[in-house]
Amino acid sequence: MSKTTRTIELRHPDHYHPGSKERLVSRGLLCNYCSGNGFFWGSDEYGHHTKCECPVCKGSGEVDALITIEWTPGRKEGSNGA
Ligand SMILES: [Zn+2]
């Protein structure tokens, strides 16, 4: 099965201050839960086939990734008091 991969390239901000946050949005990723269909076939109380909306993507077949990156000062290995 084919697969789409998205990569985030991290680059520290030009105007850094402790606690700086960046927000990224990656839109339109295929919903894995319903395989992009947006719904599942289910049965209603009379046993009829009925479409059930996907609870993850709410019927759109796609999901958006909201990514928050928080920048903090670095800590070198072995320099935390040991
Ligand atoms: Zn879905």
# chains A, B, ... in the order shown; residues from 1 in each chain; ligands from 1
call {"tool": "select_by_dssp", "arguments": {"residues": "chain A", "states": "strand (DSSP E or B)", "output": "PyMOL selection string"}}
result
chain A and resi 21-30+39-43+49-53+62-70
call {"tool": "write_last_selection", "arguments": {"atoms": "N, CA and C atoms", "output": "CSV table (one decimal), in the first residue's frame"}}
result
chain,number,residue,atom,x,y,z
A,21,LYS,N,7.6,29.8,20.8
A,21,LYS,CA,6.8,28.7,20.3
A,21,LYS,C,6.5,28.9,18.8
A,22,GLU,N,6.5,27.9,18.1
A,22,GLU,CA,6.1,27.9,16.7
A,22,GLU,C,4.9,27.0,16.4
A,23,ARG,N,4.0,27.5,15.6
A,23,ARG,CA,2.9,26.6,15.3
A,23,ARG,C,2.9,26.3,13.8
A,24,LEU,N,2.8,25.0,13.5
A,24,LEU,CA,2.8,24.6,12.1
A,24,LEU,C,1.5,23.8,11.9
A,25,VAL,N,0.9,23.9,10.7
A,25,VAL,CA,-0.3,23.2,10.3
A,25,VAL,C,0.0,22.4,9.1
A,26,SER,N,-0.2,21.1,9.1
A,26,SER,CA,-0.1,20.3,8.0
A,26,SER,C,-1.5,19.8,7.6
A,27,ARG,N,-2.0,20.3,6.6
A,27,ARG,CA,-3.4,20.0,6.3
A,27,ARG,C,-3.6,18.9,5.3
A,28,GLY,N,-4.8,18.3,5.4
A,28,GLY,CA,-5.2,17.4,4.3
A,28,GLY,C,-4.5,16.0,4.3
A,29,LEU,N,-4.1,15.5,5.5
A,29,LEU,CA,-3.6,14.2,5.6
A,29,LEU,C,-4.7,13.2,5.5
A,30,LEU,N,-4.5,12.1,4.8
A,30,LEU,CA,-5.5,11.1,4.7
A,30,LEU,C,-5.8,10.5,6.1
A,39,PHE,N,-16.5,7.7,6.2
A,39,PHE,CA,-17.7,7.1,6.8
A,39,PHE,C,-17.4,5.6,6.9
A,40,PHE,N,-18.2,4.9,7.6
A,40,PHE,CA,-18.2,3.4,7.7
A,40,PHE,C,-19.6,3.0,7.4
A,41,TRP,N,-19.7,1.8,6.8
A,41,TRP,CA,-21.1,1.2,6.7
A,41,TRP,C,-21.4,0.5,8.0
A,42,GLY,N,-22.6,0.8,8.5
A,42,GLY,CA,-23.1,0.2,9.7
A,42,GLY,C,-24.5,-0.1,9.5
A,43,SER,N,-25.2,-0.5,10.6
A,43,SER,CA,-26.6,-0.9,10.5
A,43,SER,C,-27.4,0.0,11.5
A,49,HIS,N,-28.6,-1.0,6.0
A,49,HIS,CA,-27.2,-0.5,5.9
A,49,HIS,C,-27.3,1.1,6.0
A,50,THR,N,-26.5,1.6,6.7
A,50,THR,CA,-26.5,3.1,6.9
A,50,THR,C,-25.0,3.6,7.0
A,51,LYS,N,-24.8,4.8,6.5
A,51,LYS,CA,-23.5,5.4,6.6
A,51,LYS,C,-23.3,6.0,8.0
A,52,CYS,N,-22.2,5.6,8.7
A,52,CYS,CA,-21.8,6.2,10.0
A,52,CYS,C,-20.6,7.1,9.8
A,53,GLU,N,-20.8,8.3,10.2
A,53,GLU,CA,-19.7,9.2,10.0
A,53,GLU,C,-18.4,8.8,10.8
A,62,GLU,N,-10.2,13.5,5.7
A,62,GLU,CA,-8.9,14.0,5.9
A,62,GLU,C,-8.7,14.6,7.3
A,63,VAL,N,-7.5,14.6,7.8
A,63,VAL,CA,-7.2,15.2,9.1
A,63,VAL,C,-6.1,16.3,8.9
A,64,ASP,N,-6.1,17.3,9.8
A,64,ASP,CA,-5.0,18.3,9.8
A,64,ASP,C,-4.2,18.0,11.0
A,65,ALA,N,-2.9,18.2,10.9
A,65,ALA,CA,-1.9,18.1,12.0
A,65,ALA,C,-1.6,19.5,12.5
A,66,LEU,N,-1.9,19.7,13.8
A,66,LEU,CA,-1.5,21.0,14.4
A,66,LEU,C,-0.2,20.7,15.2
A,67,ILE,N,0.9,21.3,14.8
A,67,ILE,CA,2.1,21.0,15.5
A,67,ILE,C,2.6,22.2,16.2
A,68,THR,N,2.9,22.1,17.5
A,68,THR,CA,3.5,23.2,18.3
A,68,THR,C,4.9,22.8,18.6
A,69,ILE,N,5.9,23.7,18.3
A,69,ILE,CA,7.3,23.5,18.7
A,69,ILE,C,7.7,24.5,19.7
A,70,GLU,N,8.2,24.1,20.8
A,70,GLU,CA,8.6,25.0,21.9
A,70,GLU,C,10.2,25.0,21.9
call {"tool": "closest_atom_pairs", "arguments": {"of": "chain A", "to": "ligand 1", "cutoff": "9 Å", "atoms": "only C-alpha atoms and all ligand atoms", "output": "Markdown table"}}
result
| residue | atom | partner | partner_atom_place_in_ligand_line | distance |
| --- | --- | --- | --- | --- |
| A:Leu30 | CA | ligand 1 | 1 (Zn) | 7.9 |
| A:Cys31 | CA | ligand 1 | 1 (Zn) | 4.6 |
| A:Asn32 | CA | ligand 1 | 1 (Zn) | 6.5 |
| A:Tyr33 | CA | ligand 1 | 1 (Zn) | 5.0 |
| A:Cys34 | CA | ligand 1 | 1 (Zn) | 4.2 |
| A:Ser35 | CA | ligand 1 | 1 (Zn) | 6.5 |
| A:Gly36 | CA | ligand 1 | 1 (Zn) | 5.7 |
| A:Asn37 | CA | ligand 1 | 1 (Zn) | 6.5 |
| A:Gly38 | CA | ligand 1 | 1 (Zn) | 4.5 |
| A:Phe39 | CA | ligand 1 | 1 (Zn) | 6.6 |
| A:Phe40 | CA | ligand 1 | 1 (Zn) | 8.7 |
| A:Glu53 | CA | ligand 1 | 1 (Zn) | 7.9 |
| A:Cys54 | CA | ligand 1 | 1 (Zn) | 4.6 |
| A:Pro55 | CA | ligand 1 | 1 (Zn) | 6.6 |
| A:Val56 | CA | ligand 1 | 1 (Zn) | 5.0 |
| A:Cys57 | CA | ligand 1 | 1 (Zn) | 4.1 |
| A:Lys58 | CA | ligand 1 | 1 (Zn) | 6.4 |
| A:Gly59 | CA | ligand 1 | 1 (Zn) | 6.1 |
| A:Ser60 | CA | ligand 1 | 1 (Zn) | 6.8 |
| A:Gly61 | CA | ligand 1 | 1 (Zn) | 4.7 |
| A:Glu62 | CA | ligand 1 | 1 (Zn) | 6.4 |
| A:Val63 | CA | ligand 1 | 1 (Zn) | 7.5 |
